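Asker: Quick one, start-v7.pdb (PDB, C-alpha atoms):
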```pdb
MODEL        1
ATOM      1  CA  MET A1470       0.000   0.000   0.000  1.00  0.00           C
ATOM      2  CA  LYS A1471       1.493   3.362  -1.049  1.00  0.00           C
ATOM      3  CA  LYS A1472       1.122   6.026   1.608  1.00  0.00           C
ATOM      4  CA  THR A1473       1.108   9.777   1.271  1.00  0.00           C
ATOM      5  CA  LYS A1474       4.326  11.443   2.321  1.00  0.00           C
ATOM      6  CA  PHE A1475       3.943  13.602   5.410  1.00  0.00           C
ATOM      7  CA  THR A1476       5.261  17.162   5.405  1.00  0.00           C
ATOM      8  CA  LYS A1477       5.743  19.789   8.081  1.00  0.00           C
ATOM      9  CA  ASP A1478       2.269  21.076   7.176  1.00  0.00           C
ATOM     10  CA  SER A1479       0.490  17.741   7.670  1.00  0.00           C
ATOM     11  CA  LEU A1480      -1.993  17.803  10.529  1.00  0.00           C
ATOM     12  CA  LEU A1481      -1.423  15.444  13.447  1.00  0.00           C
ATOM     13  CA  SER A1482      -4.956  14.138  12.936  1.00  0.00           C
ATOM     14  CA  GLU A1483      -4.005  13.114   9.370  1.00  0.00           C
ATOM     15  CA  VAL A1484      -1.034  11.162  10.689  1.00  0.00           C
ATOM     16  CA  ILE A1485      -3.058   9.413  13.384  1.00  0.00           C
ATOM     17  CA  GLU A1486      -6.018   8.614  11.133  1.00  0.00           C
ATOM     18  CA  SER A1487      -3.932   7.355   8.207  1.00  0.00           C
ATOM     19  CA  ASP A1488      -2.526   4.351  10.068  1.00  0.00           C
ATOM     20  CA  LYS A1489      -2.660   3.529  13.770  1.00  0.00           C
ATOM     21  CA  ARG A1490       0.948   2.272  13.620  1.00  0.00           C
ATOM     22  CA  TYR A1491       2.087   5.890  13.450  1.00  0.00           C
ATOM     23  CA  MET A1492       0.930   6.273  17.041  1.00  0.00           C
ATOM     24  CA  ASP A1493       3.960   4.257  18.175  1.00  0.00           C
ATOM     25  CA  ILE A1494       6.285   6.685  16.379  1.00  0.00           C
ATOM     26  CA  LEU A1495       4.538   9.708  17.888  1.00  0.00           C
ATOM     27  CA  VAL A1496       4.684   8.205  21.379  1.00  0.00           C
ATOM     28  CA  GLY A1497       8.382   7.498  20.854  1.00  0.00           C
ATOM     29  CA  PHE A1498       8.878  11.218  20.317  1.00  0.00           C
ATOM     30  CA  GLY A1499       6.890  12.060  23.448  1.00  0.00           C
ATOM     31  CA  LEU A1500       3.710  13.012  21.619  1.00  0.00           C
ATOM     32  CA  HIS A1501       0.750  11.532  23.485  1.00  0.00           C
ATOM     33  CA  CYS A1502      -1.792  13.660  21.663  1.00  0.00           C
ATOM     34  CA  PHE A1503      -4.327  11.070  20.543  1.00  0.00           C
ATOM     35  CA  GLY A1504      -7.283  12.485  22.488  1.00  0.00           C
ATOM     36  CA  CYS A1505      -6.258  16.111  22.237  1.00  0.00           C
ATOM     37  CA  PRO A1506      -8.648  18.340  20.266  1.00  0.00           C
ATOM     38  CA  LEU A1507      -5.668  20.296  18.901  1.00  0.00           C
ATOM     39  CA  THR A1508      -4.683  17.424  16.605  1.00  0.00           C
ATOM     40  CA  SER A1509      -7.216  18.659  14.057  1.00  0.00           C
ATOM     41  CA  ILE A1510      -5.494  22.050  13.761  1.00  0.00           C
ATOM     42  CA  GLU A1511      -1.902  21.372  14.895  1.00  0.00           C
ATOM     43  CA  THR A1512       0.656  20.537  12.215  1.00  0.00           C
ATOM     44  CA  ILE A1513       3.651  18.269  12.603  1.00  0.00           C
ATOM     45  CA  GLU A1514       5.803  21.399  12.611  1.00  0.00           C
ATOM     46  CA  ASP A1515       3.692  23.016  15.363  1.00  0.00           C
ATOM     47  CA  ALA A1516       3.988  19.917  17.531  1.00  0.00           C
ATOM     48  CA  SER A1517       7.735  19.670  16.999  1.00  0.00           C
ATOM     49  CA  ILE A1518       8.209  23.286  18.068  1.00  0.00           C
ATOM     50  CA  VAL A1519       5.973  23.017  21.141  1.00  0.00           C
ATOM     51  CA  HIS A1520       7.530  19.741  22.267  1.00  0.00           C
ATOM     52  CA  GLY A1521      11.144  20.507  21.335  1.00  0.00           C
ATOM     53  CA  ILE A1522      11.379  17.740  18.735  1.00  0.00           C
ATOM     54  CA  ASP A1523      13.706  17.688  15.735  1.00  0.00           C
ATOM     55  CA  LEU A1524      11.236  18.216  12.868  1.00  0.00           C
ATOM     56  CA  ASP A1525      13.415  16.649  10.177  1.00  0.00           C
ATOM     57  CA  PHE A1526      14.035  13.506  12.233  1.00  0.00           C
ATOM     58  CA  LEU A1527      10.335  13.137  13.057  1.00  0.00           C
ATOM     59  CA  LEU A1528       9.400  13.468   9.376  1.00  0.00           C
ATOM     60  CA  GLU A1529      12.099  10.966   8.441  1.00  0.00           C
ATOM     61  CA  LYS A1530      10.662   8.397  10.848  1.00  0.00           C
ATOM     62  CA  LEU A1531       7.060   9.027   9.776  1.00  0.00           C
ATOM     63  CA  ASN A1532       7.969   8.684   6.107  1.00  0.00           C
ATOM     64  CA  GLU A1533      10.108   5.545   6.409  1.00  0.00           C
ATOM     65  CA  ASN A1534       8.795   2.451   4.650  1.00  0.00           C
ATOM     66  CA  LEU A1535       6.128   4.281   2.658  1.00  0.00           C
ATOM     67  CA  ASP A1536       5.650   1.259   0.410  1.00  0.00           C
ATOM     68  CA  GLU A1537       4.897  -1.273   3.158  1.00  0.00           C
TER      69      GLU A1537
ENDMDL
END
```
I need this file expressed as structure tokens, please.
Answerer:
Amino acid sequence: MKKTKFTKDSLLSEVIESDKRYMDILVGFGLHCFGCPLTSIETIEDASIVHGIDLDFLLEKLNENLDE
């Protein structure tokens, strides 16, 4: 299954809803935002800034294995 590549402008809700396996990656980065109402308006970039996460590394991990 080919997945859409995430960008800094992708919403957290898009990441979570696209495949539940991404939740493990987000948790690994300290993002426990699954029930938070901000996920529908907060981008990956916003979350990385607020939580002090390296944006490029987070995107790299989210976009690994896009063809699996």
Asker: Given the PyMOL selection byres ((chain A and resi 1513-1524) around 6) and the file above, list the residues it selects as a list in words.
Answerer: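 This file gives the following for the PyMOL selection byres ((chain A and resi 1513-1524) around 6): Lys1477, Ser1479, Leu1481, Glu1511, Thr1512, Asp1525, Phe1526 and Leu1527 of chain A.
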Asker: Determine the residue set returned by the PyMOL selection byres ((chain A and resi 1482) around 12) for the present structure, and present it as a PyMOL selection string.
Answerer: chain A and resi 1475+1478-1481+1483-1489+1491-1492+1495+1502-1513+1516
Asker: Kindly compute an axis-aligned box around the listed atoms of range 1473-1480 of chain A, allowing 5 Å on each side, and express its centre and edge lengths in Å to one decimal as lines of an AutoDock Vina configuration file.
Answerer:
```
center_x = 1.9
center_y = 15.4
center_z = 5.9
size_x = 17.7
size_y = 21.3
size_z = 19.3
```
Asker: Got a sec: who's within 10 Å of Lys1474 in chain A, counting all atoms listed in the file, leaving out chain neighbours fewer than 4 positions off, as a list in words?
Answerer: Ser1479, Val1484, Leu1528, Glu1529, Leu1531, Asn1532, Glu1533 and Leu1535 of chain A
Asker: Take range 1476-1519 of chain A from the block and save it with N, CA and C atoms, as an mmCIF file, in the first residue's frame.
Answerer:
```cif
data_model
loop_
_atom_site.group_PDB
_atom_site.id
_atom_site.type_symbol
_atom_site.label_atom_id
_atom_site.label_comp_id
_atom_site.auth_asym_id
_atom_site.auth_seq_id
_atom_site.Cartn_x
_atom_site.Cartn_y
_atom_site.Cartn_z
ATOM 1 N N THR A 1476 4.440 15.961 5.450
ATOM 2 C CA THR A 1476 5.261 17.162 5.405
ATOM 3 C C THR A 1476 5.088 17.916 6.708
ATOM 4 N N LYS A 1477 5.847 18.977 6.862
ATOM 5 C CA LYS A 1477 5.743 19.789 8.081
ATOM 6 C C LYS A 1477 4.351 20.374 8.239
ATOM 7 N N ASP A 1478 3.610 20.497 7.142
ATOM 8 C CA ASP A 1478 2.269 21.076 7.176
ATOM 9 C C ASP A 1478 1.154 20.056 7.365
ATOM 10 N N SER A 1479 1.507 18.775 7.435
ATOM 11 C CA SER A 1479 0.490 17.741 7.670
ATOM 12 C C SER A 1479 -0.063 17.892 9.083
ATOM 13 N N LEU A 1480 -1.363 17.727 9.209
ATOM 14 C CA LEU A 1480 -1.993 17.803 10.529
ATOM 15 C C LEU A 1480 -1.731 16.518 11.308
ATOM 16 N N LEU A 1481 -1.612 16.640 12.619
ATOM 17 C CA LEU A 1481 -1.423 15.444 13.447
ATOM 18 C C LEU A 1481 -2.590 14.483 13.280
ATOM 19 N N SER A 1482 -3.793 15.016 13.128
ATOM 20 C CA SER A 1482 -4.956 14.138 12.936
ATOM 21 C C SER A 1482 -4.820 13.312 11.666
ATOM 22 N N GLU A 1483 -4.222 13.858 10.609
ATOM 23 C CA GLU A 1483 -4.005 13.114 9.370
ATOM 24 C C GLU A 1483 -3.043 11.953 9.600
ATOM 25 N N VAL A 1484 -2.020 12.206 10.387
ATOM 26 C CA VAL A 1484 -1.034 11.162 10.689
ATOM 27 C C VAL A 1484 -1.710 10.034 11.460
ATOM 28 N N ILE A 1485 -2.421 10.398 12.508
ATOM 29 C CA ILE A 1485 -3.058 9.413 13.384
ATOM 30 C C ILE A 1485 -4.113 8.613 12.636
ATOM 31 N N GLU A 1486 -4.923 9.283 11.827
ATOM 32 C CA GLU A 1486 -6.018 8.614 11.133
ATOM 33 C C GLU A 1486 -5.549 7.777 9.942
ATOM 34 N N SER A 1487 -4.384 8.080 9.393
ATOM 35 C CA SER A 1487 -3.932 7.355 8.207
ATOM 36 C C SER A 1487 -3.531 5.921 8.517
ATOM 37 N N ASP A 1488 -2.961 5.694 9.698
ATOM 38 C CA ASP A 1488 -2.526 4.351 10.068
ATOM 39 C C ASP A 1488 -2.190 4.375 11.563
ATOM 40 N N LYS A 1489 -2.837 3.540 12.306
ATOM 41 C CA LYS A 1489 -2.660 3.529 13.770
ATOM 42 C C LYS A 1489 -1.224 3.199 14.189
ATOM 43 N N ARG A 1490 -0.447 2.593 13.277
ATOM 44 C CA ARG A 1490 0.948 2.272 13.620
ATOM 45 C C ARG A 1490 1.791 3.532 13.822
ATOM 46 N N TYR A 1491 1.354 4.641 13.250
ATOM 47 C CA TYR A 1491 2.087 5.890 13.450
ATOM 48 C C TYR A 1491 2.024 6.364 14.899
ATOM 49 N N MET A 1492 1.042 5.890 15.638
ATOM 50 C CA MET A 1492 0.930 6.273 17.041
ATOM 51 C C MET A 1492 2.178 5.866 17.814
ATOM 52 N N ASP A 1493 2.745 4.711 17.495
ATOM 53 C CA ASP A 1493 3.960 4.257 18.175
ATOM 54 C C ASP A 1493 5.119 5.229 17.927
ATOM 55 N N ILE A 1494 5.220 5.727 16.703
ATOM 56 C CA ILE A 1494 6.285 6.685 16.379
ATOM 57 C C ILE A 1494 6.069 7.979 17.160
ATOM 58 N N LEU A 1495 4.825 8.467 17.166
ATOM 59 C CA LEU A 1495 4.538 9.708 17.888
ATOM 60 C C LEU A 1495 4.823 9.563 19.382
ATOM 61 N N VAL A 1496 4.415 8.450 19.956
ATOM 62 C CA VAL A 1496 4.684 8.205 21.379
ATOM 63 C C VAL A 1496 6.185 8.164 21.632
ATOM 64 N N GLY A 1497 6.927 7.560 20.722
ATOM 65 C CA GLY A 1497 8.382 7.498 20.854
ATOM 66 C C GLY A 1497 9.032 8.877 20.897
ATOM 67 N N PHE A 1498 8.382 9.844 20.297
ATOM 68 C CA PHE A 1498 8.878 11.218 20.317
ATOM 69 C C PHE A 1498 8.268 12.026 21.461
ATOM 70 N N GLY A 1499 7.492 11.378 22.309
ATOM 71 C CA GLY A 1499 6.890 12.060 23.448
ATOM 72 C C GLY A 1499 5.579 12.753 23.132
ATOM 73 N N LEU A 1500 4.999 12.426 21.991
ATOM 74 C CA LEU A 1500 3.710 13.012 21.619
ATOM 75 C C LEU A 1500 2.600 12.033 21.980
ATOM 76 N N HIS A 1501 1.845 12.382 22.995
ATOM 77 C CA HIS A 1501 0.750 11.532 23.485
ATOM 78 C C HIS A 1501 -0.572 12.255 23.222
ATOM 79 N N CYS A 1502 -0.746 12.700 21.996
ATOM 80 C CA CYS A 1502 -1.792 13.660 21.663
ATOM 81 C C CYS A 1502 -3.054 13.039 21.082
ATOM 82 N N PHE A 1503 -3.260 11.762 21.254
ATOM 83 C CA PHE A 1503 -4.327 11.070 20.543
ATOM 84 C C PHE A 1503 -5.728 11.554 20.898
ATOM 85 N N GLY A 1504 -5.961 12.001 22.106
ATOM 86 C CA GLY A 1504 -7.283 12.485 22.488
ATOM 87 C C GLY A 1504 -7.378 13.992 22.508
ATOM 88 N N CYS A 1505 -6.311 14.652 22.166
ATOM 89 C CA CYS A 1505 -6.258 16.111 22.237
ATOM 90 C C CYS A 1505 -7.023 16.734 21.072
ATOM 91 N N PRO A 1506 -7.899 17.692 21.344
ATOM 92 C CA PRO A 1506 -8.648 18.340 20.266
ATOM 93 C C PRO A 1506 -7.762 19.168 19.329
ATOM 94 N N LEU A 1507 -6.557 19.499 19.746
ATOM 95 C CA LEU A 1507 -5.668 20.296 18.901
ATOM 96 C C LEU A 1507 -5.123 19.523 17.703
ATOM 97 N N THR A 1508 -5.230 18.198 17.718
ATOM 98 C CA THR A 1508 -4.683 17.424 16.605
ATOM 99 C C THR A 1508 -5.330 17.779 15.271
ATOM 100 N N SER A 1509 -6.535 18.316 15.308
ATOM 101 C CA SER A 1509 -7.216 18.659 14.057
ATOM 102 C C SER A 1509 -6.756 19.994 13.480
ATOM 103 N N ILE A 1510 -6.003 20.759 14.261
ATOM 104 C CA ILE A 1510 -5.494 22.050 13.761
ATOM 105 C C ILE A 1510 -3.980 22.181 13.899
ATOM 106 N N GLU A 1511 -3.342 21.282 14.652
ATOM 107 C CA GLU A 1511 -1.902 21.372 14.895
ATOM 108 C C GLU A 1511 -1.137 20.564 13.839
ATOM 109 N N THR A 1512 -0.167 21.211 13.215
ATOM 110 C CA THR A 1512 0.656 20.537 12.215
ATOM 111 C C THR A 1512 1.802 19.790 12.894
ATOM 112 N N ILE A 1513 2.465 18.965 12.103
ATOM 113 C CA ILE A 1513 3.651 18.269 12.603
ATOM 114 C C ILE A 1513 4.700 19.296 13.028
ATOM 115 N N GLU A 1514 4.838 20.352 12.256
ATOM 116 C CA GLU A 1514 5.803 21.399 12.611
ATOM 117 C C GLU A 1514 5.425 22.073 13.925
ATOM 118 N N ASP A 1515 4.146 22.398 14.104
ATOM 119 C CA ASP A 1515 3.692 23.016 15.363
ATOM 120 C C ASP A 1515 4.045 22.135 16.556
ATOM 121 N N ALA A 1516 3.733 20.854 16.430
ATOM 122 C CA ALA A 1516 3.988 19.917 17.531
ATOM 123 C C ALA A 1516 5.473 19.803 17.824
ATOM 124 N N SER A 1517 6.292 19.790 16.775
ATOM 125 C CA SER A 1517 7.735 19.670 16.999
ATOM 126 C C SER A 1517 8.284 20.894 17.718
ATOM 127 N N ILE A 1518 7.765 22.056 17.399
ATOM 128 C CA ILE A 1518 8.209 23.286 18.068
ATOM 129 C C ILE A 1518 7.785 23.274 19.529
ATOM 130 N N VAL A 1519 6.509 22.997 19.767
ATOM 131 C CA VAL A 1519 5.973 23.017 21.141
ATOM 132 C C VAL A 1519 6.653 21.992 22.030
#
```
